[in-house]
Each structure stands twice: as structure tokens, then as C-alpha cells.
There are 2 protein chains.
Amino acid sequence: MGRAAIIVIGDEILTGKIRDANGPYLVDKLREVGMPLGRILTVSDDIDEIAWAVNSCRGRFRPLFTSGGIGPTHDDMTVAGVARALGRSVVRHPEIEAGIRAHFGDRLKPEALRLANVPEGAELVRSPQSWYPVAVVEEIYLLPGVPELFRMHVDGIVERYRGAPFHLRCVYLRVGEPEVAAVLDVIAREHPAVALGSYPRFDDPEHRVKLTLEAQVEQPVEEALAALLRMLPPESVLRVE
Amino acid sequence: MGRAAIIVIGDEILTGKIRDANGPYLVDKLREVGMPLGRILTVSDDIDEIAWAVNSCRGRFRPLFTSGGIGPTHDDMTVAGVARALGRSVVRHPEIEAGIRAHFGDRLKPEALRLANVPEGAELVRSPQSWYPVAVVEEIYLLPGVPELFRMHVDGIVERYRGAPFHLRCVYLRVGEPEVAAVLDVIAREHPAVALGSYPRFDDPEHRVKLTLEAQVEQPVEEALAALLRMLPPESVLRVE
């Protein structure tokens, strides 16, 4: 099973004008369908930066989702950036062009036709809620940055990647990380199929560390949990979920 | 003036267990002090991924801030990842070790001393609020992931990078992006010192596009704004801020 990557594009995020909502939304959606996520890269509205981000992920992560930089203005660089990364040219897609002409009718400005630009060879993914499709090329989905439009499209797209659900167990500890680090070393080494996380808290009177054990198969998680609970001093464990 | 980059490290963010708060916090802080930000990379608890992130940014962005992966457990990989990126070894810092021994006293576990590991040659940055310092090497600041600790340290560190404030003007439009794309092309081309952004809205009855003009010097922004307002059809402009 591969891992996905998200590339968020937009100066408005790097300058703090807008807090990115699409990355976190897609993180949750991928989790929900059981598709692991490998990276999130947030880059500026710059062709080279976008091309760098795509090239640094493809080959290693698949599918890729880009968010933002789709539109008719000078700062919409995603199509050009993805095309550059893939060594493809930018072409006008006749189906999108027909859709734009139908959508704008008499009010059509020539610049609106830039919305029909795609990397050569791109296919279209349509949402029943929108006349404007998403282009996909080499499993790179070019999603719009406006959150309403992003969600309209991405909900259907992630369904293509539905995998086994994640099994997660959590152990809450009364003691700090140094107390259990040696035990965690052993569990992590002896249960490599299970992702073992350790998260300290310094502001919670209830627990000081939360441990997480996770995989997309249940049995190894339960085995690692049992081994962990055998090794931890019983008085250090507050509760298991 | 350089641009900063942020590297957020943690499986818990990529799996949706925790929503990253440190990246957005630092985005706002850098904005506040007038330090431009070039990239945000979010990667997993993996030495190679961390080393890749550092190497892909250094040389191009400076300073770098890492968030997370600092601690005594098996999933704390940041020191090793940064060291690998820089071709440095991991060494025990005697000052941090002394601090750890003083902090834990009789309760010291040997694993706590892992908190004294730093990339060779690292210097320490101290916050008056914490006994535990932040390591910095080649202007890469290794910040803790726990938000309270992150903020405790980063507020002081960003002050080292205080630059000229950003001047931002906004123009709200009644018309959509295709209507103004040709004008924006001209303004962007003729005012390269000004960052010109165009942000459509589809859910707001009040305006359809927000334009932003921004730079760290005031005059070019005002000149670009004046040129823009001369070129836009007056009835398309709802208001200027």
C-alpha cells in the first residue's frame, strides 16, 4: 500500500492571510478511508517551487493532491508547475473549454479560458456538485484552493483509495517519557509492523504521556499492546483505550 | 533579506491524531516580525525524511525551524535527522546534561540523558521560562513539538529576525477573477516588487474577489495600488482597505 502526499500551494498561507483548511481536511479524509499520508508540503505561488514539490514526492508517494493555484489569474501557477515537473506541456482541454463557454455564455472573457489549461495528457474527474472538473495526471490531482470547491471534489476522489481501517489503541501514563523510553525501545523494535507513538503533556493533571499503537491490521496492534502492558510497571498505567 | 522555512515533524499530524498548532503559530509570529516565510514541510518521524526536509531547504531558506521530534523516546528523530542532513555526528551536550541531572535529581533515568543529544557544534538558546534549552546549528532551530514549550522558545527566537513590517493593501471586487485577470497580468508584470494576490470567494454575497498588494516597503505598494485602481472599471471595486 502506498502513501499519499499533499502539496498546498499559496502565498496567502505562508504570509498568514489565510489559515489552510484543505490540508487538515484531507488529512482527516485520508485517515477515514484508510489511506496513509506521507508528507504535506506548503509552497508559494511559484512554478519552480511547485515543480520541486511535485518532483520531490512522485516516485515516493502516490497519489499526490495539490490544493490551490487553480484559476485564471497571474498567481495561479499549479498547472504550469505540475506540467514542468512531469516534463509535459500545458494544453487547453476541449471538454473544459466547452464547459467554460457554456458556463459563462455571453459574459465570457478570454482570460476565463485559462481555466481550461491542463498538463498534457490529463484526465478529468467530475463532481456532481460542480460544472468545473478536476484534472488528474499521473495520479496527481489538481484541486482548487477555495475550501468549498476543494471539499466538493476531494470527498469523491479519496473514495478511490479506500483501504483497510486503522486500528488504534491508546495507553495513558502517569509517568514521564524518560521512565518508559527503554520499554518503548523494545516494543518498537520487536513490533515493527505497529506504529508506536509517544506524546508527552505538561499541562494536563490527568496524564503525562499518551502512547499510541496503530496499524491497518488488528492482530499485531493487540499483540504489541499486550507486550507493552506486560513490560510497563502497572502503577504507571492510568488507562487503556 | 532571506526567507525562513518551517519543518514540522510528527506522525501524529500526518495521521490526524493531532492538528498542528506550531506551524500556524510560527507563520503568524514571522509575519509579525517582518520575516518572510518560504515553505512549510510536514514530515514523518523518520530520520531520512527529516534529513531530506532539512537538505531541501538549507541553502535556499534561512533560518529553518523544526517543530517536534525532540525527546527521549524511540520516535524522537529530529536531532539524528538534522545531524545526518548536515553531515555532523550526534553528541551529548555537557551543559544540557548538567541541566537534566539537576532537573531530575534522584529520579534520573539513563534515557533522560538522550535529551542532551544535539548535532555536533550546536549552540544553545535559552528561554527564561524553561530549564531546557533549544539547540541551534547552522541557523536551524530544533524546537520542541509540545505547543506550550514551542511558544515558550520561539517567541524570543523570532525577535532575532525582526525586519521591516509588511505593508498590505486590499481591494474587494464585485466581479469575478476572469473579469480582472488581464489587468492583474499588467500590474504583476509592471510592479514586480509588490506581491499581488487574487482570492476568489463563491460563498460571500458581499464580494467575489479580494486582491492583496504587499511588500516590506510602502511606496511601491501604494504605486501599484494607484495603477491598479486606474485600470480597474470603477464599478467593479467595492472597497479599498
# chains A, B, ... in the order shown; residues from 1 in each chain; ligands from 1
>>> residues_around(residues="Ala181 of chain A", least_positions_apart="2", cutoff="8 Å", atoms="only C-alpha atoms", output="short mmCIF file (atom, residue, chain, number, x, y, z; two decimals) with C-alpha atoms, in the first residue's frame")
data_model
loop_
_atom_site.label_atom_id
_atom_site.label_comp_id
_atom_site.auth_asym_id
_atom_site.auth_seq_id
_atom_site.Cartn_x
_atom_site.Cartn_y
_atom_site.Cartn_z
CA GLU A 177 8.72 9.75 28.88
CA PRO A 178 12.15 9.03 30.39
CA GLU A 179 10.51 6.45 32.71
CA VAL A 183 10.39 -0.19 27.29
CA LEU A 184 9.26 1.67 24.18
CA ASP A 185 12.61 0.94 22.51
CA PRO B 72 13.90 10.76 24.89
CA THR B 73 11.77 8.15 23.11
CA HIS B 74 12.31 5.96 20.05
CA GLU B 111 17.13 7.53 28.99
#
>>> closest_atom_pairs(of="chain A", to="chain B", cutoff="9 Å", atoms="only C-alpha atoms", output="JSON lines")
{"residue": "A:Asp11", "atom": "CA", "partner": "B:Gly197", "partner_atom": "CA", "distance": 7.8}
{"residue": "A:Glu12", "atom": "CA", "partner": "B:Gly197", "partner_atom": "CA", "distance": 7.6}
{"residue": "A:Ile13", "atom": "CA", "partner": "B:Val27", "partner_atom": "CA", "distance": 8.2}
{"residue": "A:Leu14", "atom": "CA", "partner": "B:Leu37", "partner_atom": "CA", "distance": 5.8}
{"residue": "A:Thr15", "atom": "CA", "partner": "B:Arg31", "partner_atom": "CA", "distance": 6.3}
{"residue": "A:Gly16", "atom": "CA", "partner": "B:Asp28", "partner_atom": "CA", "distance": 5.6}
{"residue": "A:Lys17", "atom": "CA", "partner": "B:Asp28", "partner_atom": "CA", "distance": 8.9}
{"residue": "A:Arg19", "atom": "CA", "partner": "B:Pro24", "partner_atom": "CA", "distance": 7.2}
{"residue": "A:Asp20", "atom": "CA", "partner": "B:Pro24", "partner_atom": "CA", "distance": 8.8}
{"residue": "A:Pro24", "atom": "CA", "partner": "B:Arg19", "partner_atom": "CA", "distance": 7.2}
{"residue": "A:Val27", "atom": "CA", "partner": "B:Gly16", "partner_atom": "CA", "distance": 5.8}
{"residue": "A:Asp28", "atom": "CA", "partner": "B:Gly16", "partner_atom": "CA", "distance": 5.6}
{"residue": "A:Leu30", "atom": "CA", "partner": "B:Thr15", "partner_atom": "CA", "distance": 8.5}
{"residue": "A:Arg31", "atom": "CA", "partner": "B:Thr15", "partner_atom": "CA", "distance": 6.3}
{"residue": "A:Pro36", "atom": "CA", "partner": "B:Thr15", "partner_atom": "CA", "distance": 7.3}
{"residue": "A:Leu37", "atom": "CA", "partner": "B:Leu14", "partner_atom": "CA", "distance": 5.8}
{"residue": "A:Gly38", "atom": "CA", "partner": "B:Ser44", "partner_atom": "CA", "distance": 6.7}
{"residue": "A:Arg39", "atom": "CA", "partner": "B:Val43", "partner_atom": "CA", "distance": 5.0}
{"residue": "A:Ile40", "atom": "CA", "partner": "B:Thr42", "partner_atom": "CA", "distance": 4.9}
{"residue": "A:Leu41", "atom": "CA", "partner": "B:Leu41", "partner_atom": "CA", "distance": 4.6}
{"residue": "A:Thr42", "atom": "CA", "partner": "B:Ile40", "partner_atom": "CA", "distance": 4.9}
{"residue": "A:Val43", "atom": "CA", "partner": "B:Arg39", "partner_atom": "CA", "distance": 5.0}
{"residue": "A:Ser44", "atom": "CA", "partner": "B:Gly38", "partner_atom": "CA", "distance": 6.7}
{"residue": "A:Gly71", "atom": "CA", "partner": "B:Glu177", "partner_atom": "CA", "distance": 7.9}
{"residue": "A:Pro72", "atom": "CA", "partner": "B:Pro178", "partner_atom": "CA", "distance": 6.0}
{"residue": "A:Thr73", "atom": "CA", "partner": "B:Ala181", "partner_atom": "CA", "distance": 4.9}
{"residue": "A:His74", "atom": "CA", "partner": "B:Asp185", "partner_atom": "CA", "distance": 5.6}
{"residue": "A:Asp75", "atom": "CA", "partner": "B:Gly197", "partner_atom": "CA", "distance": 6.5}
{"residue": "A:Asp76", "atom": "CA", "partner": "B:Ser198", "partner_atom": "CA", "distance": 8.9}
{"residue": "A:Leu108", "atom": "CA", "partner": "B:Pro178", "partner_atom": "CA", "distance": 8.2}
{"residue": "A:Lys109", "atom": "CA", "partner": "B:Pro178", "partner_atom": "CA", "distance": 6.2}
{"residue": "A:Pro110", "atom": "CA", "partner": "B:Pro178", "partner_atom": "CA", "distance": 7.8}
{"residue": "A:Glu111", "atom": "CA", "partner": "B:Pro178", "partner_atom": "CA", "distance": 5.4}
{"residue": "A:Ala112", "atom": "CA", "partner": "B:Pro178", "partner_atom": "CA", "distance": 4.9}
{"residue": "A:Leu113", "atom": "CA", "partner": "B:Pro178", "partner_atom": "CA", "distance": 8.5}
{"residue": "A:Arg114", "atom": "CA", "partner": "B:Pro178", "partner_atom": "CA", "distance": 8.8}
{"residue": "A:Val146", "atom": "CA", "partner": "B:Arg201", "partner_atom": "CA", "distance": 7.2}
{"residue": "A:Glu148", "atom": "CA", "partner": "B:Phe202", "partner_atom": "CA", "distance": 8.2}
{"residue": "A:Leu149", "atom": "CA", "partner": "B:Phe202", "partner_atom": "CA", "distance": 8.8}
{"residue": "A:Glu177", "atom": "CA", "partner": "B:Pro72", "partner_atom": "CA", "distance": 6.6}
{"residue": "A:Pro178", "atom": "CA", "partner": "B:Ala112", "partner_atom": "CA", "distance": 4.9}
{"residue": "A:Glu179", "atom": "CA", "partner": "B:Lys109", "partner_atom": "CA", "distance": 6.5}
{"residue": "A:Val180", "atom": "CA", "partner": "B:Thr73", "partner_atom": "CA", "distance": 8.1}
{"residue": "A:Ala181", "atom": "CA", "partner": "B:Thr73", "partner_atom": "CA", "distance": 4.9}
{"residue": "A:Ala182", "atom": "CA", "partner": "B:Glu111", "partner_atom": "CA", "distance": 6.9}
{"residue": "A:Leu184", "atom": "CA", "partner": "B:His74", "partner_atom": "CA", "distance": 6.7}
{"residue": "A:Asp185", "atom": "CA", "partner": "B:His74", "partner_atom": "CA", "distance": 5.6}
{"residue": "A:Ala188", "atom": "CA", "partner": "B:His74", "partner_atom": "CA", "distance": 7.3}
{"residue": "A:Ala195", "atom": "CA", "partner": "B:Asp11", "partner_atom": "CA", "distance": 8.9}
{"residue": "A:Leu196", "atom": "CA", "partner": "B:Asp75", "partner_atom": "CA", "distance": 7.7}
{"residue": "A:Gly197", "atom": "CA", "partner": "B:Asp75", "partner_atom": "CA", "distance": 6.5}
{"residue": "A:Ser198", "atom": "CA", "partner": "B:Thr73", "partner_atom": "CA", "distance": 7.1}
{"residue": "A:Tyr199", "atom": "CA", "partner": "B:Val146", "partner_atom": "CA", "distance": 8.4}
{"residue": "A:Pro200", "atom": "CA", "partner": "B:Val146", "partner_atom": "CA", "distance": 7.5}
{"residue": "A:Arg201", "atom": "CA", "partner": "B:Val146", "partner_atom": "CA", "distance": 7.2}
{"residue": "A:Phe202", "atom": "CA", "partner": "B:Glu148", "partner_atom": "CA", "distance": 8.2}
{"residue": "A:Asp203", "atom": "CA", "partner": "B:Glu148", "partner_atom": "CA", "distance": 8.2}
>>> calpha_fit_and_write(fixed="chain A", moving="chain B", output="mmCIF file with C-alpha atoms, in the first residue's frame")
data_model
loop_
_atom_site.group_PDB
_atom_site.id
_atom_site.type_symbol
_atom_site.label_atom_id
_atom_site.label_comp_id
_atom_site.auth_asym_id
_atom_site.auth_seq_id
_atom_site.Cartn_x
_atom_site.Cartn_y
_atom_site.Cartn_z
ATOM 1 C CA MET B 1 -0.038 -0.019 -0.055
ATOM 2 C CA GLY B 2 1.371 3.357 -0.989
ATOM 3 C CA ARG B 3 1.222 6.602 0.879
ATOM 4 C CA ALA B 4 -0.320 9.833 -0.316
ATOM 5 C CA ALA B 5 1.195 13.314 -0.183
ATOM 6 C CA ILE B 6 -0.455 16.727 -0.084
ATOM 7 C CA ILE B 7 0.997 19.831 -1.725
ATOM 8 C CA VAL B 8 -0.641 23.033 -0.538
ATOM 9 C CA ILE B 9 0.094 25.991 -2.796
ATOM 10 C CA GLY B 10 -0.391 29.612 -1.880
ATOM 11 C CA ASP B 11 1.397 32.742 -0.708
ATOM 12 C CA GLU B 12 -1.704 33.607 1.313
ATOM 13 C CA ILE B 13 -0.962 30.695 3.651
ATOM 14 C CA LEU B 14 2.754 31.418 4.016
ATOM 15 C CA THR B 15 1.995 35.056 4.791
ATOM 16 C CA GLY B 16 -0.658 34.201 7.353
ATOM 17 C CA LYS B 17 -3.523 35.853 5.474
ATOM 18 C CA ILE B 18 -5.437 32.604 5.306
ATOM 19 C CA ARG B 19 -5.140 29.571 7.545
ATOM 20 C CA ASP B 20 -5.023 26.469 5.348
ATOM 21 C CA ALA B 21 -8.133 24.375 5.884
ATOM 22 C CA ASN B 22 -7.681 21.971 2.969
ATOM 23 C CA GLY B 23 -4.605 20.148 4.252
ATOM 24 C CA PRO B 24 -6.208 19.302 7.629
ATOM 25 C CA TYR B 25 -9.473 18.377 5.921
ATOM 26 C CA LEU B 26 -7.696 15.967 3.576
ATOM 27 C CA VAL B 27 -5.627 14.530 6.435
ATOM 28 C CA ASP B 28 -8.862 13.534 8.148
ATOM 29 C CA LYS B 29 -10.445 12.219 4.958
ATOM 30 C CA LEU B 30 -7.438 10.040 4.099
ATOM 31 C CA ARG B 31 -7.464 8.722 7.629
ATOM 32 C CA GLU B 32 -11.158 7.947 7.314
ATOM 33 C CA VAL B 33 -10.706 5.890 4.153
ATOM 34 C CA GLY B 34 -7.580 4.116 5.403
ATOM 35 C CA MET B 35 -5.060 5.763 3.059
ATOM 36 C CA PRO B 36 -1.730 6.525 4.778
ATOM 37 C CA LEU B 37 -0.275 10.008 4.302
ATOM 38 C CA GLY B 38 3.460 10.558 3.945
ATOM 39 C CA ARG B 39 4.039 14.304 3.649
ATOM 40 C CA ILE B 40 2.400 17.709 3.477
ATOM 41 C CA LEU B 41 4.356 20.409 1.640
ATOM 42 C CA THR B 42 3.203 24.021 1.655
ATOM 43 C CA VAL B 43 4.845 26.134 -1.032
ATOM 44 C CA SER B 44 4.475 29.549 -2.623
ATOM 45 C CA ASP B 45 2.789 30.560 -5.878
ATOM 46 C CA ASP B 46 5.935 29.872 -7.883
ATOM 47 C CA ILE B 47 6.315 27.465 -10.791
ATOM 48 C CA ASP B 48 9.717 26.230 -9.665
ATOM 49 C CA GLU B 49 8.565 25.673 -6.098
ATOM 50 C CA ILE B 50 5.506 23.726 -7.255
ATOM 51 C CA ALA B 51 7.590 21.661 -9.680
ATOM 52 C CA TRP B 52 10.115 20.973 -6.916
ATOM 53 C CA ALA B 53 7.354 19.849 -4.545
ATOM 54 C CA VAL B 54 5.822 17.515 -7.119
ATOM 55 C CA ASN B 55 9.155 16.028 -8.116
ATOM 56 C CA SER B 56 10.246 15.522 -4.533
ATOM 57 C CA CYS B 57 7.101 13.471 -3.872
ATOM 58 C CA ARG B 58 6.383 11.508 -7.017
ATOM 59 C CA GLY B 59 8.027 8.140 -7.226
ATOM 60 C CA ARG B 60 7.918 8.049 -3.439
ATOM 61 C CA PHE B 61 4.296 8.979 -2.678
ATOM 62 C CA ARG B 62 1.168 8.226 -4.668
ATOM 63 C CA PRO B 63 -1.417 9.668 -5.108
ATOM 64 C CA LEU B 64 -0.479 13.353 -4.817
ATOM 65 C CA PHE B 65 -3.065 16.021 -4.123
ATOM 66 C CA THR B 66 -2.370 19.656 -4.883
ATOM 67 C CA SER B 67 -4.527 22.341 -3.299
ATOM 68 C CA GLY B 68 -4.743 25.835 -4.757
ATOM 69 C CA GLY B 69 -3.220 27.766 -7.615
ATOM 70 C CA ILE B 70 -6.042 26.788 -9.980
ATOM 71 C CA GLY B 71 -7.679 29.754 -11.642
ATOM 72 C CA PRO B 72 -7.373 32.381 -14.358
ATOM 73 C CA THR B 73 -5.081 34.936 -12.697
ATOM 74 C CA HIS B 74 -1.341 35.587 -12.812
ATOM 75 C CA ASP B 75 -0.786 33.898 -9.423
ATOM 76 C CA ASP B 76 -2.379 30.589 -10.459
ATOM 77 C CA MET B 77 0.716 28.530 -11.195
ATOM 78 C CA THR B 78 -0.241 24.966 -10.369
ATOM 79 C CA VAL B 79 -0.952 23.672 -13.872
ATOM 80 C CA ALA B 80 2.329 25.100 -15.150
ATOM 81 C CA GLY B 81 4.241 23.812 -12.117
ATOM 82 C CA VAL B 82 2.893 20.272 -12.369
ATOM 83 C CA ALA B 83 3.461 20.256 -16.122
ATOM 84 C CA ARG B 84 7.054 21.366 -15.621
ATOM 85 C CA ALA B 85 7.651 18.665 -13.013
ATOM 86 C CA LEU B 86 6.376 15.993 -15.378
ATOM 87 C CA GLY B 87 8.088 17.355 -18.497
ATOM 88 C CA ARG B 88 4.686 17.854 -20.115
ATOM 89 C CA SER B 89 3.377 20.893 -21.904
ATOM 90 C CA VAL B 90 0.321 22.895 -20.893
ATOM 91 C CA VAL B 91 -2.596 22.371 -23.257
ATOM 92 C CA ARG B 92 -6.175 23.602 -23.444
ATOM 93 C CA HIS B 93 -8.604 20.803 -22.619
ATOM 94 C CA PRO B 94 -11.493 20.865 -25.135
ATOM 95 C CA GLU B 95 -14.064 19.457 -22.695
ATOM 96 C CA ILE B 96 -13.264 22.035 -20.021
ATOM 97 C CA GLU B 97 -13.252 24.755 -22.667
ATOM 98 C CA ALA B 98 -16.745 23.705 -23.762
ATOM 99 C CA GLY B 99 -17.854 23.799 -20.116
ATOM 100 C CA ILE B 100 -16.426 27.279 -19.625
ATOM 101 C CA ARG B 101 -18.145 28.562 -22.767
ATOM 102 C CA ALA B 102 -21.446 27.088 -21.594
ATOM 103 C CA HIS B 103 -20.993 28.434 -18.050
ATOM 104 C CA PHE B 104 -20.072 31.999 -18.959
ATOM 105 C CA GLY B 105 -22.095 32.336 -22.191
ATOM 106 C CA ASP B 106 -22.182 35.955 -23.338
ATOM 107 C CA ARG B 107 -20.172 37.072 -20.338
ATOM 108 C CA LEU B 108 -17.117 35.063 -21.451
ATOM 109 C CA LYS B 109 -13.804 36.889 -21.090
ATOM 110 C CA PRO B 110 -10.861 35.392 -22.982
ATOM 111 C CA GLU B 111 -8.981 35.023 -19.664
ATOM 112 C CA ALA B 112 -11.645 32.614 -18.397
ATOM 113 C CA LEU B 113 -10.364 30.107 -20.953
ATOM 114 C CA ARG B 114 -7.172 29.816 -18.916
ATOM 115 C CA LEU B 115 -9.313 27.661 -16.631
ATOM 116 C CA ALA B 116 -9.226 25.054 -19.409
ATOM 117 C CA ASN B 117 -5.421 24.693 -19.204
ATOM 118 C CA VAL B 118 -4.160 21.307 -18.008
ATOM 119 C CA PRO B 119 -0.879 19.381 -18.165
ATOM 120 C CA GLU B 120 -0.864 17.428 -21.435
ATOM 121 C CA GLY B 121 -2.484 14.021 -21.054
ATOM 122 C CA ALA B 122 -4.546 14.976 -18.003
ATOM 123 C CA GLU B 123 -7.861 13.249 -17.437
ATOM 124 C CA LEU B 124 -10.863 14.830 -15.784
ATOM 125 C CA VAL B 125 -12.660 13.886 -12.573
ATOM 126 C CA ARG B 126 -16.132 15.300 -12.207
ATOM 127 C CA SER B 127 -18.162 16.041 -9.113
ATOM 128 C CA PRO B 128 -21.961 16.036 -9.385
ATOM 129 C CA GLN B 129 -21.954 19.343 -7.489
ATOM 130 C CA SER B 130 -19.765 21.336 -9.904
ATOM 131 C CA TRP B 131 -19.600 22.143 -13.594
ATOM 132 C CA TYR B 132 -15.831 22.558 -13.314
ATOM 133 C CA PRO B 133 -13.832 19.290 -13.205
ATOM 134 C CA VAL B 134 -10.549 18.415 -11.537
ATOM 135 C CA ALA B 135 -7.601 17.461 -13.740
ATOM 136 C CA VAL B 136 -5.546 14.407 -12.826
ATOM 137 C CA VAL B 137 -2.279 13.355 -14.402
ATOM 138 C CA GLU B 138 -0.018 10.514 -13.208
ATOM 139 C CA GLU B 139 -2.238 10.256 -10.119
ATOM 140 C CA ILE B 140 -1.622 13.920 -9.268
ATOM 141 C CA TYR B 141 -4.994 15.552 -8.549
ATOM 142 C CA LEU B 142 -5.076 19.313 -9.128
ATOM 143 C CA LEU B 143 -7.653 20.523 -6.634
ATOM 144 C CA PRO B 144 -8.965 24.075 -6.259
ATOM 145 C CA GLY B 145 -7.913 26.030 -3.168
ATOM 146 C CA VAL B 146 -11.288 27.520 -2.270
ATOM 147 C CA PRO B 147 -12.359 25.219 0.588
ATOM 148 C CA GLU B 148 -15.953 24.712 -0.617
ATOM 149 C CA LEU B 149 -14.717 23.648 -4.054
ATOM 150 C CA PHE B 150 -11.888 21.560 -2.624
ATOM 151 C CA ARG B 151 -14.292 19.528 -0.497
ATOM 152 C CA MET B 152 -16.813 19.190 -3.282
ATOM 153 C CA HIS B 153 -14.207 17.307 -5.292
ATOM 154 C CA VAL B 154 -11.950 15.607 -2.791
ATOM 155 C CA ASP B 155 -14.648 13.644 -0.982
ATOM 156 C CA GLY B 156 -15.323 11.581 -4.087
ATOM 157 C CA ILE B 157 -11.674 11.270 -5.105
ATOM 158 C CA VAL B 158 -10.458 9.801 -1.805
ATOM 159 C CA GLU B 159 -13.024 7.015 -2.163
ATOM 160 C CA ARG B 160 -10.812 5.642 -4.948
ATOM 161 C CA TYR B 161 -8.204 4.931 -2.279
ATOM 162 C CA ARG B 162 -10.284 3.224 0.372
ATOM 163 C CA GLY B 163 -8.161 0.681 2.232
ATOM 164 C CA ALA B 164 -8.240 -1.197 5.492
ATOM 165 C CA PRO B 165 -9.262 0.889 8.507
ATOM 166 C CA PHE B 166 -6.635 1.911 11.067
ATOM 167 C CA HIS B 167 -6.671 0.082 14.379
ATOM 168 C CA LEU B 168 -5.605 2.408 17.145
ATOM 169 C CA ARG B 169 -5.061 1.657 20.815
ATOM 170 C CA CYS B 170 -4.007 4.285 23.356
ATOM 171 C CA VAL B 171 -2.299 3.942 26.712
ATOM 172 C CA TYR B 172 -2.306 6.883 29.129
ATOM 173 C CA LEU B 173 0.562 7.048 31.610
ATOM 174 C CA ARG B 174 1.048 8.701 34.967
ATOM 175 C CA VAL B 175 4.815 8.911 34.423
ATOM 176 C CA GLY B 176 7.015 10.915 32.075
ATOM 177 C CA GLU B 177 8.719 9.767 28.883
ATOM 178 C CA PRO B 178 12.162 9.055 30.393
ATOM 179 C CA GLU B 179 10.524 6.464 32.708
ATOM 180 C CA VAL B 180 9.234 4.398 29.792
ATOM 181 C CA ALA B 181 11.691 5.130 26.983
ATOM 182 C CA ALA B 182 13.607 1.865 27.494
ATOM 183 C CA VAL B 183 10.398 -0.187 27.302
ATOM 184 C CA LEU B 184 9.272 1.672 24.187
ATOM 185 C CA ASP B 185 12.620 0.948 22.528
ATOM 186 C CA VAL B 186 11.935 -2.769 22.940
ATOM 187 C CA ILE B 187 8.328 -2.633 21.772
ATOM 188 C CA ALA B 188 9.196 -0.525 18.727
ATOM 189 C CA ARG B 189 12.010 -2.905 17.782
ATOM 190 C CA GLU B 190 10.058 -6.133 18.342
ATOM 191 C CA HIS B 191 6.823 -4.942 16.708
ATOM 192 C CA PRO B 192 7.974 -3.175 13.546
ATOM 193 C CA ALA B 193 4.557 -3.578 11.876
ATOM 194 C CA VAL B 194 3.001 -1.349 14.531
ATOM 195 C CA ALA B 195 3.458 2.414 14.612
ATOM 196 C CA LEU B 196 4.226 3.303 18.224
ATOM 197 C CA GLY B 197 3.897 6.946 19.207
ATOM 198 C CA SER B 198 4.710 8.690 22.472
ATOM 199 C CA TYR B 199 3.227 12.106 23.228
ATOM 200 C CA PRO B 200 4.118 13.968 26.409
ATOM 201 C CA ARG B 201 1.838 16.487 28.056
ATOM 202 C CA PHE B 202 2.985 19.078 30.526
ATOM 203 C CA ASP B 203 -0.277 20.870 31.142
ATOM 204 C CA ASP B 204 -2.618 18.025 31.995
ATOM 205 C CA PRO B 205 -3.085 16.916 35.589
ATOM 206 C CA GLU B 206 -4.591 13.636 34.382
ATOM 207 C CA HIS B 207 -1.832 12.043 32.338
ATOM 208 C CA ARG B 208 1.760 12.824 31.449
ATOM 209 C CA VAL B 209 2.235 10.665 28.358
ATOM 210 C CA LYS B 210 -0.127 9.215 25.788
ATOM 211 C CA LEU B 211 1.131 6.194 23.881
ATOM 212 C CA THR B 212 -0.466 5.184 20.591
ATOM 213 C CA LEU B 213 -0.201 1.807 18.845
ATOM 214 C CA GLU B 214 -1.508 1.611 15.341
ATOM 215 C CA ALA B 215 -1.627 -0.464 12.159
ATOM 216 C CA GLN B 216 -4.089 -1.367 9.430
ATOM 217 C CA VAL B 217 -4.254 -4.951 10.728
ATOM 218 C CA GLU B 218 -5.692 -5.540 14.159
ATOM 219 C CA GLN B 219 -3.741 -8.507 15.510
ATOM 220 C CA PRO B 220 -0.220 -7.003 15.565
ATOM 221 C CA VAL B 221 -1.603 -3.978 17.396
ATOM 222 C CA GLU B 222 -3.192 -6.146 20.085
ATOM 223 C CA GLU B 223 -0.007 -8.205 20.395
ATOM 224 C CA ALA B 224 2.152 -5.111 20.778
ATOM 225 C CA LEU B 225 -0.296 -3.677 23.302
ATOM 226 C CA ALA B 226 -0.228 -6.885 25.360
ATOM 227 C CA ALA B 227 3.578 -6.942 25.287
ATOM 228 C CA LEU B 228 3.706 -3.282 26.266
ATOM 229 C CA LEU B 229 1.364 -3.749 29.219
ATOM 230 C CA ARG B 230 3.422 -6.723 30.413
ATOM 231 C CA MET B 231 6.573 -4.585 30.418
ATOM 232 C CA LEU B 232 5.250 -1.335 31.889
ATOM 233 C CA PRO B 233 5.144 -1.003 35.680
ATOM 234 C CA PRO B 234 1.396 -1.488 36.401
ATOM 235 C CA GLU B 235 1.218 1.620 38.609
ATOM 236 C CA SER B 236 2.409 3.784 35.676
ATOM 237 C CA VAL B 237 -0.669 2.962 33.568
ATOM 238 C CA LEU B 238 -3.647 5.231 34.114
ATOM 239 C CA ARG B 239 -5.915 3.701 31.478
ATOM 240 C CA VAL B 240 -6.036 1.871 28.162
ATOM 241 C CA GLU B 241 -8.412 2.750 25.336
#
>>> select_by_dssp(residues="segment 7-166 of chain B", states="strand (DSSP E)", output="JSON, numbers by chain")
{"B": [7, 8, 9, 37, 38, 39, 40, 41, 42, 43, 64, 65, 66, 67, 90, 91, 92, 117, 118, 119, 123, 124, 125, 134, 135, 136, 137, 140, 141, 142, 143]}
>>> select_by_dssp(residues="chain A", states="alpha helix (DSSP H)", output="PyMOL selection string")
chain A and resi 11-14+22-33+47-57+78-86+94-104+147-158+177-190+218-231
